$ cat coords-v7.txt   # compact mmCIF, C-alpha atoms
# COMPACT_ATOMS: atom_id res chain seq x y z
CA MET A 1 40.57 9.84 48.00
CA GLN A 2 38.23 12.81 47.51
CA LEU A 3 35.28 12.45 45.14
CA LYS A 4 32.62 14.80 43.80
CA ILE A 5 29.31 12.94 43.43
CA GLU A 6 27.94 13.67 39.98
CA LYS A 7 24.61 11.84 40.06
CA ILE A 8 22.67 8.96 41.62
CA ILE A 9 22.23 5.70 39.69
CA ASN A 10 19.41 3.10 39.81
CA SER A 11 20.87 1.23 42.78
CA GLY A 12 20.89 4.42 44.84
CA MET A 13 24.68 4.72 44.83
CA GLY A 14 26.42 7.97 43.95
CA LEU A 15 28.52 8.07 40.77
CA ALA A 16 31.85 9.86 40.62
CA HIS A 17 35.08 9.71 38.60
CA TYR A 18 38.65 9.43 39.83
CA GLN A 19 41.59 9.50 37.42
CA GLY A 20 39.24 8.63 34.56
CA LYS A 21 37.63 5.64 36.30
CA THR A 22 34.00 5.38 37.38
CA ILE A 23 33.51 5.06 41.14
CA PHE A 24 30.25 4.09 42.88
CA VAL A 25 29.74 5.17 46.50
CA PRO A 26 26.69 4.07 48.57
CA GLY A 27 25.08 6.53 50.97
CA THR A 28 25.98 9.69 49.08
CA VAL A 29 23.95 12.55 47.61
CA GLU A 30 24.33 14.37 44.31
CA HIS A 31 26.93 17.22 44.36
CA GLU A 32 28.44 16.14 47.68
CA LEU A 33 32.20 16.20 48.22
CA VAL A 34 33.20 13.05 50.06
CA GLU A 35 36.21 11.07 51.24
CA ALA A 36 35.97 7.45 50.07
CA GLU A 37 37.98 4.24 50.09
CA ILE A 38 37.96 1.56 47.38
CA VAL A 39 36.55 -1.76 48.61
CA SER A 40 35.95 -3.54 45.29
CA ASP A 41 37.99 -2.88 42.17
CA HIS A 42 36.97 -3.98 38.66
CA ARG A 43 38.25 -3.31 35.18
CA ASP A 44 35.63 -0.71 34.24
CA TYR A 45 34.56 0.59 37.65
CA SER A 46 35.20 0.46 41.40
CA VAL A 47 32.95 0.45 44.45
CA ALA A 48 34.03 2.62 47.36
CA ARG A 49 33.11 2.95 51.02
CA LEU A 50 32.05 6.34 52.32
CA VAL A 51 34.65 7.49 54.86
CA ASP A 52 33.69 11.12 55.46
CA ILE A 53 31.38 13.80 54.09
CA LEU A 54 33.44 16.91 53.40
CA ALA A 55 30.65 19.02 51.91
CA PRO A 56 27.19 17.60 52.74
CA SER A 57 24.12 18.13 50.61
CA PRO A 58 21.26 20.22 52.07
CA HIS A 59 19.05 17.24 51.19
CA ARG A 60 20.93 14.87 53.50
CA VAL A 61 19.06 13.59 56.58
CA THR A 62 19.83 11.11 59.34
CA PRO A 63 18.49 7.64 58.40
CA SER A 64 15.72 6.39 60.67
CA CYS A 65 16.76 2.74 60.46
CA LYS A 66 19.65 1.43 62.56
CA TYR A 67 20.35 -1.23 59.91
CA TYR A 68 20.52 1.22 57.01
CA LEU A 69 23.20 0.37 54.39
CA LYS A 70 23.82 -2.91 56.24
CA CYS A 71 20.78 -5.02 55.30
CA GLY A 72 20.96 -4.43 51.54
CA GLY A 73 17.40 -3.13 51.37
CA CYS A 74 16.81 0.63 51.39
CA ALA A 75 18.93 2.98 49.30
CA PHE A 76 17.51 6.48 49.91
CA GLN A 77 16.95 6.90 53.66
CA HIS A 78 19.83 9.38 53.83
CA VAL A 79 17.95 11.93 51.66
CA ASN A 80 14.73 13.77 52.41
CA TYR A 81 11.58 12.46 50.75
CA PRO A 82 11.08 15.25 48.16
CA GLU A 83 14.66 14.72 46.97
CA GLU A 84 14.08 10.96 46.83
CA LEU A 85 11.08 11.53 44.54
CA ARG A 86 13.13 13.88 42.34
CA ILE A 87 15.89 11.27 42.03
CA LYS A 88 13.42 8.54 41.11
CA LYS A 89 11.72 10.79 38.56
CA ASN A 90 15.08 11.44 36.87
CA LEU A 91 15.90 7.73 36.90
CA LEU A 92 12.54 6.99 35.26
CA ILE A 93 13.19 9.56 32.53
CA GLN A 94 16.69 8.16 31.91
CA THR A 95 15.39 4.58 31.72
CA PHE A 96 12.74 5.40 29.13
CA ASN A 97 15.23 7.41 27.11
CA ARG A 98 17.98 4.78 27.23
CA ASN A 99 15.93 1.59 26.80
CA GLY A 100 12.90 2.76 24.87
CA LYS A 101 14.26 5.83 23.06
CA ILE A 102 11.30 7.73 24.51
CA ASP A 103 11.88 11.33 25.57
CA LEU A 104 9.83 12.20 28.66
CA ASN A 105 11.49 15.55 29.33
CA ASN A 106 8.70 17.47 27.60
CA ILE A 107 5.94 15.58 29.44
CA ASP A 108 4.57 16.87 32.74
CA LEU A 109 5.39 14.01 35.11
CA ASN A 110 3.88 14.56 38.53
CA LEU A 111 5.08 11.78 40.80
CA VAL A 112 2.52 10.73 43.37
CA SER A 113 4.04 10.41 46.81
CA SER A 114 3.28 7.53 49.11
CA PRO A 115 0.93 8.35 52.01
CA CYS A 116 3.38 6.52 54.28
CA ARG A 117 7.15 6.45 53.91
CA TYR A 118 7.44 3.69 56.51
CA HIS A 119 5.40 0.64 57.56
CA TYR A 120 3.75 0.27 54.15
CA ARG A 121 5.09 -3.07 52.87
CA ARG A 122 2.58 -5.89 53.16
CA LYS A 123 5.27 -8.47 52.43
CA ILE A 124 8.95 -8.89 53.29
CA THR A 125 11.44 -11.67 52.55
CA VAL A 126 13.98 -12.52 55.22
CA HIS A 127 16.84 -15.02 55.44
CA PHE A 128 17.55 -17.35 58.31
CA ALA A 129 20.58 -19.47 59.08
CA GLN A 130 21.67 -21.93 61.72
CA GLU A 131 25.08 -22.23 63.29
CA HIS A 132 25.39 -24.86 66.01
CA SER A 133 22.21 -24.35 68.09
CA CYS A 134 21.81 -20.68 67.21
CA LEU A 135 19.29 -19.57 64.60
CA LYS A 136 19.30 -16.03 63.23
CA ILE A 137 16.74 -14.24 61.10
CA GLY A 138 17.29 -11.05 59.12
CA PHE A 139 18.53 -9.61 55.84
CA ASN A 140 21.72 -10.01 53.82
CA TYR A 141 24.53 -7.51 53.88
CA PRO A 142 24.84 -5.90 50.40
CA HIS A 143 26.47 -8.19 47.83
CA THR A 144 27.25 -10.88 50.41
CA ASN A 145 25.82 -14.08 51.85
CA LYS A 146 26.13 -12.82 55.42
CA ILE A 147 23.03 -12.24 57.51
CA ILE A 148 22.46 -9.30 59.81
CA ALA A 149 19.89 -10.20 62.45
CA ILE A 150 17.04 -7.67 62.84
CA ASP A 151 14.30 -7.12 65.37
CA LYS A 152 12.05 -5.15 63.00
CA CYS A 153 11.93 -3.56 59.54
CA LEU A 154 10.73 0.04 59.26
CA LEU A 155 9.24 -0.64 55.83
CA ALA A 156 7.11 -3.59 56.95
CA GLN A 157 3.56 -3.22 58.21
CA GLU A 158 3.27 -3.32 61.98
CA ASP A 159 1.47 -6.68 61.95
CA ILE A 160 4.42 -8.21 60.08
CA ASN A 161 6.88 -6.80 62.60
CA ASP A 162 4.73 -8.14 65.44
CA VAL A 163 4.88 -11.61 63.90
CA LEU A 164 8.62 -11.31 63.31
CA LEU A 165 9.16 -10.59 67.00
CA GLU A 166 6.82 -13.39 68.00
CA ILE A 167 8.66 -15.91 65.81
CA GLN A 168 11.92 -14.92 67.44
CA SER A 169 10.48 -15.18 70.94
CA GLN A 170 8.99 -18.63 70.27
CA GLY A 171 12.16 -20.18 68.91
CA ASN A 172 15.83 -20.29 69.75
CA PHE A 173 16.65 -17.11 67.87
CA VAL A 174 19.27 -14.49 68.57
CA ASN A 175 18.10 -10.86 68.34
CA SER A 176 21.48 -9.12 68.58
CA ALA A 177 22.63 -7.39 65.42
CA GLY A 178 25.54 -9.72 64.69
CA ASN A 179 26.84 -11.50 61.62
CA LEU A 180 26.36 -15.10 60.59
CA SER A 181 27.87 -16.53 57.43
CA PHE A 182 25.70 -18.85 55.35
CA SER A 183 26.19 -22.49 56.23
CA ASP A 184 24.41 -25.61 54.98
CA GLN A 185 21.66 -24.84 57.48
CA THR A 186 20.06 -21.90 55.68
CA GLY A 187 16.74 -20.79 54.28
CA ARG A 188 14.53 -17.95 53.19
CA MET A 189 10.97 -17.05 54.09
CA SER A 190 8.44 -14.44 53.07
CA ILE A 191 6.00 -12.95 55.58
CA ALA A 192 2.88 -11.47 53.98
CA SER A 193 -0.16 -9.69 55.42
CA PHE A 194 -3.67 -10.63 54.26
CA ILE A 195 -7.18 -9.91 55.53
CA GLN A 196 -7.33 -13.17 57.48
CA GLY A 197 -3.89 -12.72 59.00
CA ILE A 198 -0.28 -13.54 58.19
CA ALA A 199 0.95 -16.09 55.66
CA VAL A 200 4.52 -17.42 55.73
CA ILE A 201 6.19 -18.92 52.66
CA LEU A 202 9.30 -21.01 53.35
CA GLU A 203 11.93 -21.51 50.65
CA LYS A 204 15.38 -23.01 50.26
CA ALA A 205 15.55 -24.74 53.62
CA ASP A 206 16.66 -28.31 54.19
CA ASP A 207 14.22 -30.71 55.88
CA GLY A 208 15.68 -30.51 59.38
CA LEU A 209 15.81 -26.73 59.57
CA ARG A 210 12.42 -26.37 57.87
CA GLU A 211 10.70 -28.78 60.26
CA ARG A 212 12.18 -26.98 63.23
CA LEU A 213 11.01 -23.60 61.99
CA GLU A 214 7.54 -24.94 61.07
CA LYS A 215 6.98 -25.96 64.70
CA VAL A 216 7.80 -22.42 65.76
CA LEU A 217 5.57 -20.84 63.10
CA LEU A 218 2.57 -22.97 64.00
CA CYS A 219 2.76 -21.67 67.58
CA VAL A 220 2.24 -18.05 66.46
CA ASP A 221 -1.48 -17.17 66.60
CA GLN A 222 -1.31 -14.43 63.97
CA ILE A 223 0.03 -16.84 61.32
CA LYS A 224 -2.90 -18.36 59.42
CA SER A 225 -1.03 -20.20 56.67
CA VAL A 226 2.39 -21.84 56.34
CA PHE A 227 3.42 -22.60 52.77
CA TYR A 228 6.55 -24.40 51.61
CA ARG A 229 7.99 -23.95 48.12
CA GLN A 230 10.92 -25.75 46.54
CA ASN A 231 11.97 -25.94 42.87
CA HIS A 232 8.93 -23.83 41.87
CA LEU A 233 6.57 -26.41 43.44
CA GLY A 234 4.71 -25.77 46.65
CA TYR A 235 2.34 -27.23 49.17
CA CYS A 236 0.36 -25.81 52.04
CA ARG A 237 1.89 -27.11 55.28
CA ASP A 238 -0.94 -25.82 57.43
CA GLY A 239 -3.79 -23.32 57.25
CA LEU A 240 -5.46 -21.53 54.34
CA ARG A 241 -4.54 -22.37 50.75
CA LYS A 242 -6.11 -19.17 49.43
CA LEU A 243 -6.12 -15.76 51.06
CA ASN A 244 -7.79 -12.40 50.50
CA PRO A 245 -5.38 -9.52 49.85
CA ARG A 246 -6.06 -6.13 51.38
CA GLY A 247 -7.63 -4.35 48.43
CA ILE A 248 -10.69 -2.75 46.86
CA VAL A 249 -11.74 -5.86 44.94
CA ASP A 250 -12.49 -8.91 47.09
CA TYR A 251 -10.98 -12.08 45.64
CA GLU A 252 -8.65 -14.89 46.58
CA ILE A 253 -5.03 -15.56 45.73
CA THR A 254 -2.55 -18.19 46.84
CA PRO A 255 0.14 -17.20 49.37
CA THR A 256 2.85 -17.24 46.68
CA SER A 257 0.97 -15.02 44.20
CA PHE A 258 2.35 -11.55 43.53
CA PHE A 259 0.25 -8.71 44.87
CA GLN A 260 0.95 -5.00 45.23
CA ILE A 261 3.40 -4.35 48.07
CA ASN A 262 2.30 -0.79 48.88
CA GLN A 263 -1.48 -1.04 49.18
CA ALA A 264 -2.07 2.69 49.72
CA VAL A 265 -0.20 3.61 46.52
CA ALA A 266 -1.91 0.79 44.63
CA ASP A 267 -5.31 2.17 45.67
CA LYS A 268 -4.35 5.67 44.47
CA MET A 269 -3.03 4.26 41.18
CA LEU A 270 -6.21 2.29 40.51
CA ASN A 271 -8.51 5.21 41.32
CA ASP A 272 -6.51 7.60 39.11
CA LEU A 273 -6.60 5.01 36.31
CA LYS A 274 -10.35 4.62 36.71
CA ILE A 275 -10.87 8.38 36.38
CA ASN A 276 -8.57 8.88 33.38
CA ILE A 277 -8.86 5.73 31.26
CA PRO A 278 -10.67 6.21 27.91
CA LEU A 279 -13.97 4.34 27.90
CA THR A 280 -14.44 1.86 25.06
CA LYS A 281 -16.41 -1.35 24.65
CA TYR A 282 -13.65 -3.78 25.65
CA LEU A 283 -10.61 -3.74 27.91
CA TYR A 284 -7.68 -6.05 27.19
CA ASP A 285 -5.29 -6.71 30.06
CA ILE A 286 -2.44 -8.21 28.02
CA TYR A 287 -0.26 -9.12 31.00
CA CYS A 288 -2.69 -9.35 33.89
CA GLY A 289 -0.70 -11.00 36.70
CA ALA A 290 -3.19 -11.49 39.52
CA GLY A 291 -5.77 -9.46 37.56
CA VAL A 292 -5.87 -6.48 39.90
CA ILE A 293 -6.25 -3.78 37.23
CA SER A 294 -8.71 -5.60 34.98
CA LEU A 295 -10.92 -6.72 37.89
CA PHE A 296 -11.01 -3.23 39.36
CA LEU A 297 -11.94 -1.65 36.02
CA SER A 298 -14.29 -4.43 34.87
CA GLU A 299 -17.48 -2.54 35.81
CA LEU A 300 -16.60 0.16 33.23
CA PHE A 301 -16.51 -2.25 30.27
CA GLU A 302 -18.68 -4.91 28.72

$ encode --input "coords-v7.txt" --output "structure tokens"
Amino acid sequence: MQLKIEKIINSGMGLAHYQGKTIFVPGTVEHELVEAEIVSDHRDYSVARLVDILAPSPHRVTPSCKYYLKCGGCAFQHVNYPEELRIKKNLLIQTFNRNGKIDLNNIDLNLVSSPCRYHYRRKITVHFAQEHSCLKIGFNYPHTNKIIAIDKCLLAQEDINDVLLEIQSQGNFVNSAGNLSFSDQTGRMSIASFIQGIAVILEKADDGLRERLEKVLLCVDQIKSVFYRQNHLGYCRDGLRKLNPRGIVDYEITPTSFFQINQAVADKMLNDLKINIPLTKYLYDIYCGAGVISLFLSELFE
């Protein structure tokens, strides 16, 4: 069926209508005319697969990642970066208007671009699964429990990709981009970059698979901490219990603490905030998280 893409929604999919029904199509751009095929039908909407682009958008580009639209991660690699920023600005305006009844259309919103479009993430979360003697590591296909094995992620910092390759070379991993359905032998791990090196957080892995993977992780020189978490409880298997994030303020956090993923954008945000925040006697950080904002601004207040 032919569809005219009307707009892009929060998930990055294009929205169209066919015979009065809403259709979502991944990998499309606003105003494109496409040929699509329904893959998932629901009462109020359907999800379609992009078959052909009949009238491409001038904003369409060739994705840089060979796993794009397969790993369930990125949603905008098929559009140029200025168009991606415009889409995200519109989504922000719509969200404030719909959820907060706040009209931002009359406010000058200048979105700050990221200094790096790729290799900026200081943390990624990957899935691993075992089938017979084969162990694969990668991301999930969208809306499924199937794993696509990867050799690197274009969003991850280079030191994380180096460790990912080293883990695969140390263990009995398969690097080919094949599928593996979830079995009982499954797990998830986060790989995060800190000043001292790499920390790995293991989750949702049974004892046998976890112990096997731990032996591999402890052979990788760049990994300075291996942390295991289950049912919201955790313990440090080996290495540092607290690590320094890459930031302007020097302090320690545990491997499982949330910290800004895009450090370059976080630095720009903090510096802009420091320049523009009204100076008063006290600063209240009502929901402080790891305390990044309040610690950075603390020298300006009593």

$ closest_residue --input "coords-v7.txt" --among "A:Thr256, A:Lys89, A:Lys146, A:Lys7" --to "A:Asp108" --atoms "all atoms listed in the file"
A:Lys89

$ residues_near_point --input "coords-v7.txt" --point "(5.9, -15.0, 59.3)" --cutoff "6 Å" --atoms "only C-alpha atoms" --output "ChimeraX atom specification"
/A:163,191,200

$ closest_residue --input "coords-v7.txt" --among "A:Gln170, A:Ser294, A:Ser257, A:Ser57" --to "A:Glu83" --atoms "all atoms listed in the file"
A:Ser57

$ residues_around --input "coords-v7.txt" --residues "A:Ala192" --least-positions-apart "5" --cutoff "9 Å" --atoms "all atoms listed in the file" --output "short mmCIF file (atom, residue, chain, number, x, y, z; two decimals) with C-alpha atoms, in the coordinates of the input"
data_model
loop_
_atom_site.label_atom_id
_atom_site.label_comp_id
_atom_site.auth_asym_id
_atom_site.auth_seq_id
_atom_site.Cartn_x
_atom_site.Cartn_y
_atom_site.Cartn_z
CA ARG A 121 5.09 -3.07 52.87
CA ARG A 122 2.58 -5.89 53.16
CA LYS A 123 5.27 -8.47 52.43
CA ILE A 124 8.95 -8.89 53.29
CA THR A 125 11.44 -11.67 52.55
CA ILE A 160 4.42 -8.21 60.08
CA GLY A 197 -3.89 -12.72 59.00
CA ILE A 198 -0.28 -13.54 58.19
CA ALA A 199 0.95 -16.09 55.66
CA VAL A 200 4.52 -17.42 55.73
CA ILE A 201 6.19 -18.92 52.66
CA PRO A 255 0.14 -17.20 49.37
#

$ residues_around --input "coords-v7.txt" --residues "stretch 67-81 of chain A" --least-positions-apart "5" --cutoff "7 Å" --atoms "all atoms listed in the file" --output "PyMOL selection string"
chain A and resi 12+27+59-62+139-142+148

$ residues_around --input "coords-v7.txt" --residues "A:Ser113" --least-positions-apart "3" --cutoff "12 Å" --atoms "only C-alpha atoms" --output "PDB file with C-alpha atoms, in the coordinates of the input"
ATOM      1  CA  TYR A  81      11.580  12.460  50.750  1.00  0.00           C
ATOM      2  CA  PRO A  82      11.080  15.250  48.160  1.00  0.00           C
ATOM      3  CA  GLU A  83      14.660  14.720  46.970  1.00  0.00           C
ATOM      4  CA  GLU A  84      14.080  10.960  46.830  1.00  0.00           C
ATOM      5  CA  LEU A  85      11.080  11.530  44.540  1.00  0.00           C
ATOM      6  CA  ARG A  86      13.130  13.880  42.340  1.00  0.00           C
ATOM      7  CA  LYS A  88      13.420   8.540  41.110  1.00  0.00           C
ATOM      8  CA  LYS A  89      11.720  10.790  38.560  1.00  0.00           C
ATOM      9  CA  ASN A 110       3.880  14.560  38.530  1.00  0.00           C
ATOM     10  CA  CYS A 116       3.380   6.520  54.280  1.00  0.00           C
ATOM     11  CA  ARG A 117       7.150   6.450  53.910  1.00  0.00           C
ATOM     12  CA  ASN A 262       2.300  -0.790  48.880  1.00  0.00           C
ATOM     13  CA  ALA A 264      -2.070   2.690  49.720  1.00  0.00           C
ATOM     14  CA  VAL A 265      -0.200   3.610  46.520  1.00  0.00           C
ATOM     15  CA  ALA A 266      -1.910   0.790  44.630  1.00  0.00           C
ATOM     16  CA  LYS A 268      -4.350   5.670  44.470  1.00  0.00           C
ATOM     17  CA  MET A 269      -3.030   4.260  41.180  1.00  0.00           C
TER      18      MET A 269
END

$ residues_around --input "coords-v7.txt" --residues "A:Ile293" --least-positions-apart "2" --cutoff "10 Å" --atoms "all atoms listed in the file" --output "list in words"
Val249, Ala266, Met269, Leu270, Leu273, Lys274, Asp285, Cys288, Gly289, Ala290, Gly291, Leu295, Phe296, Leu297 and Ser298 of chain A

$ atom_distance --input "coords-v7.txt" --atom1 "atom CA of A:Ile102" --atom2 "atom CA of A:Ile277"
21.4 Å

$ closest_residue --input "coords-v7.txt" --among "A:Leu202, A:Leu91, A:Val292, A:Ile107" --to "A:Asp267" --atoms "only C-alpha atoms"
A:Val292

$ residues_around --input "coords-v7.txt" --residues "A:Cys219" --least-positions-apart "6" --cutoff "12 Å" --atoms "all atoms listed in the file" --output "VMD selection string"
chain A and resid 163 166 to 171 212 to 213 225 to 226 238

$ closest_residue --input "coords-v7.txt" --among "A:Ile5, A:Arg49, A:Leu164, A:Pro56" --to "A:Val220" --atoms "all atoms listed in the file"
A:Leu164

$ atom_distance --input "coords-v7.txt" --atom1 "atom CA of A:Ile147" --atom2 "atom CA of A:Gly187"
11.1 Å

$ atom_distance --input "coords-v7.txt" --atom1 "atom CA of A:Asn271" --atom2 "atom CA of A:Glu299"
13.1 Å

$ closest_residue --input "coords-v7.txt" --among "A:Asp103, A:Asp272, A:Asp221, A:Asp159" --to "A:Phe194" --atoms "all atoms listed in the file"
A:Asp159

$ closest_residue --input "coords-v7.txt" --among "A:Ser11, A:Ser40, A:Ser193, A:Asn276" --to "A:Tyr120" --atoms "all atoms listed in the file"
A:Ser193

$ build_atoms --input "coords-v7.txt" --residues "stretch 212-233 of chain A" --atoms "N, CA and C atoms" --output "PDB file, in the coordinates of the input"
ATOM      1  N   ARG A 212      12.006 -27.687  61.981  1.00  0.00           N
ATOM      2  CA  ARG A 212      12.180 -26.980  63.230  1.00  0.00           C
ATOM      3  C   ARG A 212      11.476 -25.627  63.200  1.00  0.00           C
ATOM      4  N   LEU A 213      11.630 -24.918  62.099  1.00  0.00           N
ATOM      5  CA  LEU A 213      11.010 -23.600  61.990  1.00  0.00           C
ATOM      6  C   LEU A 213       9.491 -23.714  61.879  1.00  0.00           C
ATOM      7  N   GLU A 214       8.986 -24.751  61.181  1.00  0.00           N
ATOM      8  CA  GLU A 214       7.540 -24.940  61.070  1.00  0.00           C
ATOM      9  C   GLU A 214       6.891 -25.072  62.439  1.00  0.00           C
ATOM     10  N   LYS A 215       7.528 -25.804  63.352  1.00  0.00           N
ATOM     11  CA  LYS A 215       6.980 -25.960  64.700  1.00  0.00           C
ATOM     12  C   LYS A 215       6.864 -24.619  65.399  1.00  0.00           C
ATOM     13  N   VAL A 216       7.846 -23.751  65.168  1.00  0.00           N
ATOM     14  CA  VAL A 216       7.800 -22.420  65.760  1.00  0.00           C
ATOM     15  C   VAL A 216       6.669 -21.607  65.131  1.00  0.00           C
ATOM     16  N   LEU A 217       6.562 -21.645  63.799  1.00  0.00           N
ATOM     17  CA  LEU A 217       5.570 -20.840  63.100  1.00  0.00           C
ATOM     18  C   LEU A 217       4.148 -21.221  63.494  1.00  0.00           C
ATOM     19  N   LEU A 218       3.907 -22.502  63.674  1.00  0.00           N
ATOM     20  CA  LEU A 218       2.570 -22.970  64.000  1.00  0.00           C
ATOM     21  C   LEU A 218       2.146 -22.628  65.417  1.00  0.00           C
ATOM     22  N   CYS A 219       3.082 -22.114  66.223  1.00  0.00           N
ATOM     23  CA  CYS A 219       2.760 -21.670  67.580  1.00  0.00           C
ATOM     24  C   CYS A 219       2.388 -20.188  67.623  1.00  0.00           C
ATOM     25  N   VAL A 220       2.520 -19.489  66.516  1.00  0.00           N
ATOM     26  CA  VAL A 220       2.240 -18.050  66.460  1.00  0.00           C
ATOM     27  C   VAL A 220       0.792 -17.845  66.011  1.00  0.00           C
ATOM     28  N   ASP A 221      -0.042 -17.281  66.873  1.00  0.00           N
ATOM     29  CA  ASP A 221      -1.480 -17.170  66.600  1.00  0.00           C
ATOM     30  C   ASP A 221      -1.793 -16.355  65.358  1.00  0.00           C
ATOM     31  N   GLN A 222      -1.001 -15.309  65.096  1.00  0.00           N
ATOM     32  CA  GLN A 222      -1.310 -14.430  63.970  1.00  0.00           C
ATOM     33  C   GLN A 222      -1.078 -15.092  62.611  1.00  0.00           C
ATOM     34  N   ILE A 223      -0.272 -16.154  62.583  1.00  0.00           N
ATOM     35  CA  ILE A 223       0.030 -16.840  61.320  1.00  0.00           C
ATOM     36  C   ILE A 223      -1.104 -17.802  60.984  1.00  0.00           C
ATOM     37  N   LYS A 224      -1.753 -17.572  59.841  1.00  0.00           N
ATOM     38  CA  LYS A 224      -2.900 -18.360  59.420  1.00  0.00           C
ATOM     39  C   LYS A 224      -2.567 -19.374  58.345  1.00  0.00           C
ATOM     40  N   SER A 225      -1.397 -19.256  57.730  1.00  0.00           N
ATOM     41  CA  SER A 225      -1.030 -20.200  56.670  1.00  0.00           C
ATOM     42  C   SER A 225       0.489 -20.317  56.613  1.00  0.00           C
ATOM     43  N   VAL A 226       0.970 -21.570  56.540  1.00  0.00           N
ATOM     44  CA  VAL A 226       2.390 -21.840  56.340  1.00  0.00           C
ATOM     45  C   VAL A 226       2.540 -22.610  55.051  1.00  0.00           C
ATOM     46  N   PHE A 227       3.292 -22.049  54.113  1.00  0.00           N
ATOM     47  CA  PHE A 227       3.420 -22.600  52.770  1.00  0.00           C
ATOM     48  C   PHE A 227       4.886 -22.881  52.494  1.00  0.00           C
ATOM     49  N   TYR A 228       5.168 -24.032  51.919  1.00  0.00           N
ATOM     50  CA  TYR A 228       6.550 -24.400  51.610  1.00  0.00           C
ATOM     51  C   TYR A 228       6.710 -24.535  50.107  1.00  0.00           C
ATOM     52  N   ARG A 229       7.760 -23.909  49.562  1.00  0.00           N
ATOM     53  CA  ARG A 229       7.990 -23.950  48.120  1.00  0.00           C
ATOM     54  C   ARG A 229       9.430 -24.356  47.851  1.00  0.00           C
ATOM     55  N   GLN A 230       9.584 -25.301  46.928  1.00  0.00           N
ATOM     56  CA  GLN A 230      10.920 -25.750  46.540  1.00  0.00           C
ATOM     57  C   GLN A 230      10.885 -26.138  45.067  1.00  0.00           C
ATOM     58  N   ASN A 231      11.881 -25.646  44.304  1.00  0.00           N
ATOM     59  CA  ASN A 231      11.970 -25.940  42.870  1.00  0.00           C
ATOM     60  C   ASN A 231      10.677 -25.567  42.143  1.00  0.00           C
ATOM     61  N   HIS A 232      10.123 -24.397  42.518  1.00  0.00           N
ATOM     62  CA  HIS A 232       8.930 -23.830  41.870  1.00  0.00           C
ATOM     63  C   HIS A 232       7.658 -24.640  42.173  1.00  0.00           C
ATOM     64  N   LEU A 233       7.733 -25.656  43.017  1.00  0.00           N
ATOM     65  CA  LEU A 233       6.570 -26.410  43.440  1.00  0.00           C
ATOM     66  C   LEU A 233       6.283 -26.088  44.890  1.00  0.00           C
TER      67      LEU A 233
END
